[in-house]
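Q: Have a peek at protein01.pdb (PDB, C-alpha atoms and all ligand atoms).
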ATOM      1  CA  MET A 844       0.000   0.000   0.000  1.00  0.00           C
ATOM      2  CA  ILE A 845       1.022   3.612  -0.511  1.00  0.00           C
ATOM      3  CA  LYS A 846       0.528   6.184   2.196  1.00  0.00           C
ATOM      4  CA  GLY A 847      -1.272   9.373   1.359  1.00  0.00           C
ATOM      5  CA  SER A 848      -3.951  11.639   2.700  1.00  0.00           C
ATOM      6  CA  GLU A 849      -7.605  12.234   2.142  1.00  0.00           C
ATOM      7  CA  CYS A 850      -9.916  15.094   2.929  1.00  0.00           C
ATOM      8  CA  LEU A 851     -13.582  15.273   3.859  1.00  0.00           C
ATOM      9  CA  CYS A 852     -14.117  17.200   0.618  1.00  0.00           C
ATOM     10  CA  GLY A 853     -13.103  14.098  -1.326  1.00  0.00           C
ATOM     11  CA  LYS A 854      -9.600  15.194  -2.377  1.00  0.00           C
ATOM     12  CA  LYS A 855      -6.974  12.434  -2.216  1.00  0.00           C
ATOM     13  CA  VAL A 856      -3.238  12.981  -2.466  1.00  0.00           C
ATOM     14  CA  VAL A 857       0.012  10.997  -2.454  1.00  0.00           C
ATOM     15  CA  PRO A 858       2.436  11.471  -0.829  1.00  0.00           C
ATOM     16  CA  LYS A 859       0.939  12.395   2.507  1.00  0.00           C
ATOM     17  CA  ARG A 860       0.289  16.037   3.351  1.00  0.00           C
ATOM     18  CA  ASP A 861      -1.400  17.881   6.178  1.00  0.00           C
ATOM     19  CA  ILE A 862      -3.385  20.543   4.390  1.00  0.00           C
ATOM     20  CA  CYS A 863      -5.816  19.875   1.566  1.00  0.00           C
ATOM     21  CA  PRO A 864      -4.676  21.547  -1.679  1.00  0.00           C
ATOM     22  CA  LYS A 865      -8.299  21.915  -2.722  1.00  0.00           C
ATOM     23  CA  CYS A 866     -10.124  23.303   0.319  1.00  0.00           C
ATOM     24  CA  GLY A 867      -7.349  24.129   2.835  1.00  0.00           C
ATOM     25  CA  LYS A 868      -8.687  21.907   5.617  1.00  0.00           C
ATOM     26  CA  HIS A 869      -6.710  19.374   7.616  1.00  0.00           C
ATOM     27  CA  MET A 870      -6.314  16.005   5.867  1.00  0.00           C
ATOM     28  CA  SER A 871      -6.301  12.569   7.450  1.00  0.00           C
ATOM     29  CA  GLU A 872      -3.973   9.706   6.644  1.00  0.00           C
ATOM     30  CA  ALA A 873      -5.118   7.207   4.033  1.00  0.00           C
ATOM     31  CA  GLU A 874      -3.699   4.209   2.238  1.00  0.00           C
ATOM     32  CA  PHE A 875      -3.973   3.568  -1.466  1.00  0.00           C
ATOM     33  CA  GLN A 876      -3.434   0.599  -3.736  1.00  0.00           C
ATOM     34  CA  ASP A 877       0.051   0.353  -5.173  1.00  0.00           C
ATOM     35  CA  PHE A 878      -1.078   0.209  -8.762  1.00  0.00           C
ATOM     36  CA  GLY A 879      -2.715   2.536 -11.230  1.00  0.00           C
ATOM     37  CA  ARG A 880      -2.870   3.791 -14.783  1.00  0.00           C
ATOM     38  CA  VAL A 881      -0.522   6.103 -16.687  1.00  0.00           C
ATOM     39  CA  LEU A 882      -2.101   9.496 -17.414  1.00  0.00           C
ATOM     40  CA  THR A 883       0.807  11.418 -18.903  1.00  0.00           C
ATOM     41  CA  LEU A 884       4.447  10.773 -19.670  1.00  0.00           C
ATOM     42  CA  THR A 885       7.421  13.053 -19.885  1.00  0.00           C
ATOM     43  CA  ILE A 886      11.134  12.504 -20.321  1.00  0.00           C
ATOM     44  CA  LEU A 887      13.414  14.657 -18.207  1.00  0.00           C
ATOM     45  CA  HIS A 888      16.964  15.044 -19.452  1.00  0.00           C
ATOM     46  CA  VAL A 889      17.902  16.972 -16.344  1.00  0.00           C
ATOM     47  CA  PRO A 890      16.227  14.964 -13.610  1.00  0.00           C
ATOM     48  CA  PRO A 891      15.413  15.989 -10.033  1.00  0.00           C
ATOM     49  CA  GLU A 892      18.005  15.365  -7.362  1.00  0.00           C
ATOM     50  CA  GLY A 893      18.354  11.687  -6.507  1.00  0.00           C
ATOM     51  CA  TYR A 894      17.455  10.400  -9.956  1.00  0.00           C
ATOM     52  CA  GLU A 895      19.753   9.568 -12.828  1.00  0.00           C
ATOM     53  CA  GLY A 896      18.863  11.115 -16.137  1.00  0.00           C
ATOM     54  CA  PRO A 897      17.487  11.061 -18.650  1.00  0.00           C
ATOM     55  CA  ILE A 898      14.511   9.495 -16.918  1.00  0.00           C
ATOM     56  CA  MET A 899      10.898   9.089 -17.827  1.00  0.00           C
ATOM     57  CA  PHE A 900       8.360  10.450 -15.389  1.00  0.00           C
ATOM     58  CA  CYS A 901       4.707   9.621 -15.483  1.00  0.00           C
ATOM     59  CA  MET A 902       1.638  10.880 -13.750  1.00  0.00           C
ATOM     60  CA  VAL A 903      -0.190   7.808 -12.493  1.00  0.00           C
ATOM     61  CA  ALA A 904      -3.850   7.703 -11.472  1.00  0.00           C
ATOM     62  CA  ILE A 905      -3.869   5.382  -8.478  1.00  0.00           C
ATOM     63  CA  GLU A 906      -6.811   3.072  -7.877  1.00  0.00           C
ATOM     64  CA  GLY A 907      -8.925   4.908  -5.317  1.00  0.00           C
ATOM     65  CA  GLY A 908      -8.554   8.393  -6.707  1.00  0.00           C
ATOM     66  CA  ALA A 909      -5.132   9.891  -5.935  1.00  0.00           C
ATOM     67  CA  LYS A 910      -2.540  10.912  -8.513  1.00  0.00           C
ATOM     68  CA  LEU A 911       1.184  10.508  -8.187  1.00  0.00           C
ATOM     69  CA  VAL A 912       4.275  11.362 -10.202  1.00  0.00           C
ATOM     70  CA  CYS A 913       6.558   8.325 -10.560  1.00  0.00           C
ATOM     71  CA  GLY A 914       9.903   7.753 -12.154  1.00  0.00           C
ATOM     72  CA  TYR A 915      10.227   4.940 -14.644  1.00  0.00           C
ATOM     73  CA  GLU A 916      13.520   3.187 -15.281  1.00  0.00           C
ATOM     74  CA  GLY A 917      12.445   0.282 -17.466  1.00  0.00           C
ATOM     75  CA  ASP A 918      13.923  -0.435 -20.856  1.00  0.00           C
ATOM     76  CA  ARG A 919      10.807   0.004 -22.939  1.00  0.00           C
ATOM     77  CA  ASP A 920       8.461   2.957 -23.224  1.00  0.00           C
ATOM     78  CA  LEU A 921       5.215   2.997 -21.306  1.00  0.00           C
ATOM     79  CA  ASP A 922       1.966   3.911 -23.003  1.00  0.00           C
ATOM     80  CA  ILE A 923      -0.708   6.273 -21.814  1.00  0.00           C
ATOM     81  CA  GLY A 924      -3.465   4.249 -20.197  1.00  0.00           C
ATOM     82  CA  GLU A 925      -1.138   1.377 -19.359  1.00  0.00           C
ATOM     83  CA  HIS A 926      -1.502  -0.268 -15.960  1.00  0.00           C
ATOM     84  CA  VAL A 927       1.540   0.000 -13.712  1.00  0.00           C
ATOM     85  CA  ARG A 928       2.615  -1.086 -10.275  1.00  0.00           C
ATOM     86  CA  ILE A 929       4.100   1.584  -8.002  1.00  0.00           C
ATOM     87  CA  LYS A 930       7.002   0.988  -5.662  1.00  0.00           C
ATOM     88  CA  LYS A 931       8.619   3.270  -3.171  1.00  0.00           C
ATOM     89  CA  ILE A 932      12.385   2.889  -3.213  1.00  0.00           C
ATOM     90  CA  ASP A 933      14.644   5.154  -1.135  1.00  0.00           C
ATOM     91  CA  ASN A 934      11.817   7.669  -0.794  1.00  0.00           C
ATOM     92  CA  LYS A 935      11.329   7.774  -4.567  1.00  0.00           C
ATOM     93  CA  TYR A 936       8.267   6.492  -6.335  1.00  0.00           C
ATOM     94  CA  ILE A 937       9.031   4.208  -9.260  1.00  0.00           C
ATOM     95  CA  CYS A 938       6.504   2.509 -11.497  1.00  0.00           C
ATOM     96  CA  GLU A 939       6.788  -0.595 -13.627  1.00  0.00           C
ATOM     97  CA  PRO A 940       4.479  -2.255 -16.162  1.00  0.00           C
ATOM     98  CA  LEU A 941       1.934  -4.633 -14.675  1.00  0.00           C
ATOM     99  CA  VAL A 942       2.734  -7.630 -16.814  1.00  0.00           C
TER
HETATM  100 ZN    ZN A1001     -10.382  19.256   1.106  1.00  0.00          ZN
END
Let's see the structure in the file written out as C-alpha cells.
Ligand SMILES: [Zn+2]

A:
Amino acid sequence: MIKGSECLCGKKVVPKRDICPKCGKHMSEAEFQDFGRVLTLTILHVPPEGYEGPIMFCMVAIEGGAKLVCGYEGDRDLDIGEHVRIKKIDNKYICEPLV
C-alpha cells in the first residue's frame, strides 16, 4: 500500500500532506493501492536530485482516486493508459508495467 492523505471534501493525495490543496482543511492519513494507470508521460533530461537522467516520469492515477508522479527506469516505453505497479524505493516512487 502507498501512504497518502484524504480530505472530507473528497480530495486524495500521495504522498501524505497535512493541508488539503483543494479546500485548505486538515487532511487525514489514508492508504492507497500500489497500482494505477498512466495518465501522462514526460522525459526529463535533467532529472530531479536523486534520480539519474534522462529518466521518464509519469503521472499515475492510483486506484482509489489519488494521482502521483513516478519515475520509470524500465527499458521500454510505457503507453498512456497502461496499468503500472508503483514501488517506493529510497523515498522515490518508481513505477513498472503490470505484466
Ligand atoms: Zn479538502

Q: Hey, what's within 10 Å of Leu884 in chain A if we count all atoms listed in the file and toss same-chain stuff fewer than 6 positions away? As a list in words, please?

A: Met899, Phe900, Cys901, Met902, Val903, Val912, Cys913, Gly914, Tyr915, Asp920, Leu921, Asp922 and Ile923 of chain A

Q: Mind dumping a table of every chain A residue within 7 Å of ligand ZN 1001 (chain A), with the nearest atom pair and its distance in Å to one decimal, using only C-alpha atoms and all ligand atoms, sorted by chain and rising number, as a Markdown table?

A:
| residue | atom | partner | partner_atom | distance |
| --- | --- | --- | --- | --- |
| A:Cys850 | CA | A:ZN1001 | ZN | 4.6 |
| A:Leu851 | CA | A:ZN1001 | ZN | 5.8 |
| A:Cys852 | CA | A:ZN1001 | ZN | 4.3 |
| A:Gly853 | CA | A:ZN1001 | ZN | 6.3 |
| A:Lys854 | CA | A:ZN1001 | ZN | 5.4 |
| A:Cys863 | CA | A:ZN1001 | ZN | 4.6 |
| A:Pro864 | CA | A:ZN1001 | ZN | 6.8 |
| A:Lys865 | CA | A:ZN1001 | ZN | 5.1 |
| A:Cys866 | CA | A:ZN1001 | ZN | 4.1 |
| A:Gly867 | CA | A:ZN1001 | ZN | 6.0 |
| A:Lys868 | CA | A:ZN1001 | ZN | 5.5 |

Q: Within 9 Å of range 892-895 of chain A, counting all atoms listed in the file, which residues show up once you throw out same-chain ones fewer than 2 positions away? Write them as an MDAnalysis selection string, please.

A: chainID A and resid 889:890 897:898 914 935

Q: Give me a file of those residues, with C-alpha atoms, as a PDB file, in the coordinates of the input.

A:
ATOM      1  CA  VAL A 889      17.902  16.972 -16.344  1.00  0.00           C
ATOM      2  CA  PRO A 890      16.227  14.964 -13.610  1.00  0.00           C
ATOM      3  CA  PRO A 897      17.487  11.061 -18.650  1.00  0.00           C
ATOM      4  CA  ILE A 898      14.511   9.495 -16.918  1.00  0.00           C
ATOM      5  CA  GLY A 914       9.903   7.753 -12.154  1.00  0.00           C
ATOM      6  CA  LYS A 935      11.329   7.774  -4.567  1.00  0.00           C
TER       7      LYS A 935
END

Q: Asp877 in chain A: which residues within 12 Å, counting only C-alpha atoms, same-chain residues fewer than 6 positions away excluded, as a CSV table (one decimal) with C-alpha atoms, in the coordinates of the input?

A:
chain,number,residue,atom,x,y,z
A,844,MET,CA,0.0,0.0,0.0
A,845,ILE,CA,1.0,3.6,-0.5
A,846,LYS,CA,0.5,6.2,2.2
A,847,GLY,CA,-1.3,9.4,1.4
A,857,VAL,CA,0.0,11.0,-2.5
A,903,VAL,CA,-0.2,7.8,-12.5
A,904,ALA,CA,-3.8,7.7,-11.5
A,905,ILE,CA,-3.9,5.4,-8.5
A,906,GLU,CA,-6.8,3.1,-7.9
A,907,GLY,CA,-8.9,4.9,-5.3
A,908,GLY,CA,-8.6,8.4,-6.7
A,909,ALA,CA,-5.1,9.9,-5.9
A,910,LYS,CA,-2.5,10.9,-8.5
A,911,LEU,CA,1.2,10.5,-8.2
A,913,CYS,CA,6.6,8.3,-10.6
A,926,HIS,CA,-1.5,-0.3,-16.0
A,927,VAL,CA,1.5,0.0,-13.7
A,928,ARG,CA,2.6,-1.1,-10.3
A,929,ILE,CA,4.1,1.6,-8.0
A,930,LYS,CA,7.0,1.0,-5.7
A,931,LYS,CA,8.6,3.3,-3.2
A,936,TYR,CA,8.3,6.5,-6.3
A,937,ILE,CA,9.0,4.2,-9.3
A,938,CYS,CA,6.5,2.5,-11.5
A,939,GLU,CA,6.8,-0.6,-13.6
A,941,LEU,CA,1.9,-4.6,-14.7

Q: Give me the result of the PyMOL selection byres (((chain A and resi 849) around 6) and not hetatm) on this file, residue by residue, as a list of chain:residue names.

A: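 Listing what the PyMOL selection byres (((chain A and resi 849) around 6) and not hetatm) selects in the shown file: A:Ser848, A:Cys850, A:Lys854, A:Lys855, A:Met870, A:Ser871, A:Ala873.
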
Q: Once 4 Å is added on each side, what are the centre and the three edge lengths, in Å to one decimal, of the axis-aligned box enclosing the listed atoms of range 916-935 of chain A? Present them as JSON.

A:
{"center_x": 5.6, "center_y": 3.3, "center_z": -12.0, "size_x": 26.1, "size_y": 16.9, "size_z": 30.4}

Q: Rounded to one decimal in Å, what is the spacing between CA of Glu874 in chain A and CA of Ile886 in chain A?

A: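 Computing it gives 28.2 Å between the two atoms.
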
Q: Could you tell me how far CA of Gly917 in chain A lies from CA of Val942 in chain A, in Å and to one decimal?

A: 12.5 Å

Q: In Å, rounded to a single decimal, give me how far CA of Phe875 in chain A is from CA of Asp861 in chain A.

A: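 Spanning CA of Asp861 in chain A to CA of Phe875 in chain A is a straight-line distance of 16.4 Å.
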
Q: Compare A:Pro858, A:Pro940, A:Gly924, A:Gly896 by their minimum atom-to-atom distance to Leu882 in chain A, counting only C-alpha atoms, and give me the closest one.

A: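 Ranked by minimum distance to Leu882 in chain A, first place goes to A:Gly924.
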
Q: Dump range 850-904 of chain A with C-alpha atoms to a file, as a short mmCIF file (atom, residue, chain, number, x, y, z; two decimals), in the first residue's frame.

A:
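The file below, result_34.cif, is the result:
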data_model
loop_
_atom_site.label_atom_id
_atom_site.label_comp_id
_atom_site.auth_asym_id
_atom_site.auth_seq_id
_atom_site.Cartn_x
_atom_site.Cartn_y
_atom_site.Cartn_z
CA CYS A 850 -9.92 15.09 2.93
CA LEU A 851 -13.58 15.27 3.86
CA CYS A 852 -14.12 17.20 0.62
CA GLY A 853 -13.10 14.10 -1.33
CA LYS A 854 -9.60 15.19 -2.38
CA LYS A 855 -6.97 12.43 -2.22
CA VAL A 856 -3.24 12.98 -2.47
CA VAL A 857 0.01 11.00 -2.45
CA PRO A 858 2.44 11.47 -0.83
CA LYS A 859 0.94 12.39 2.51
CA ARG A 860 0.29 16.04 3.35
CA ASP A 861 -1.40 17.88 6.18
CA ILE A 862 -3.39 20.54 4.39
CA CYS A 863 -5.82 19.87 1.57
CA PRO A 864 -4.68 21.55 -1.68
CA LYS A 865 -8.30 21.92 -2.72
CA CYS A 866 -10.12 23.30 0.32
CA GLY A 867 -7.35 24.13 2.84
CA LYS A 868 -8.69 21.91 5.62
CA HIS A 869 -6.71 19.37 7.62
CA MET A 870 -6.31 16.00 5.87
CA SER A 871 -6.30 12.57 7.45
CA GLU A 872 -3.97 9.71 6.64
CA ALA A 873 -5.12 7.21 4.03
CA GLU A 874 -3.70 4.21 2.24
CA PHE A 875 -3.97 3.57 -1.47
CA GLN A 876 -3.43 0.60 -3.74
CA ASP A 877 0.05 0.35 -5.17
CA PHE A 878 -1.08 0.21 -8.76
CA GLY A 879 -2.72 2.54 -11.23
CA ARG A 880 -2.87 3.79 -14.78
CA VAL A 881 -0.52 6.10 -16.69
CA LEU A 882 -2.10 9.50 -17.41
CA THR A 883 0.81 11.42 -18.90
CA LEU A 884 4.45 10.77 -19.67
CA THR A 885 7.42 13.05 -19.88
CA ILE A 886 11.13 12.50 -20.32
CA LEU A 887 13.41 14.66 -18.21
CA HIS A 888 16.96 15.04 -19.45
CA VAL A 889 17.90 16.97 -16.34
CA PRO A 890 16.23 14.96 -13.61
CA PRO A 891 15.41 15.99 -10.03
CA GLU A 892 18.01 15.37 -7.36
CA GLY A 893 18.35 11.69 -6.51
CA TYR A 894 17.46 10.40 -9.96
CA GLU A 895 19.75 9.57 -12.83
CA GLY A 896 18.86 11.12 -16.14
CA PRO A 897 17.49 11.06 -18.65
CA ILE A 898 14.51 9.50 -16.92
CA MET A 899 10.90 9.09 -17.83
CA PHE A 900 8.36 10.45 -15.39
CA CYS A 901 4.71 9.62 -15.48
CA MET A 902 1.64 10.88 -13.75
CA VAL A 903 -0.19 7.81 -12.49
CA ALA A 904 -3.85 7.70 -11.47
#
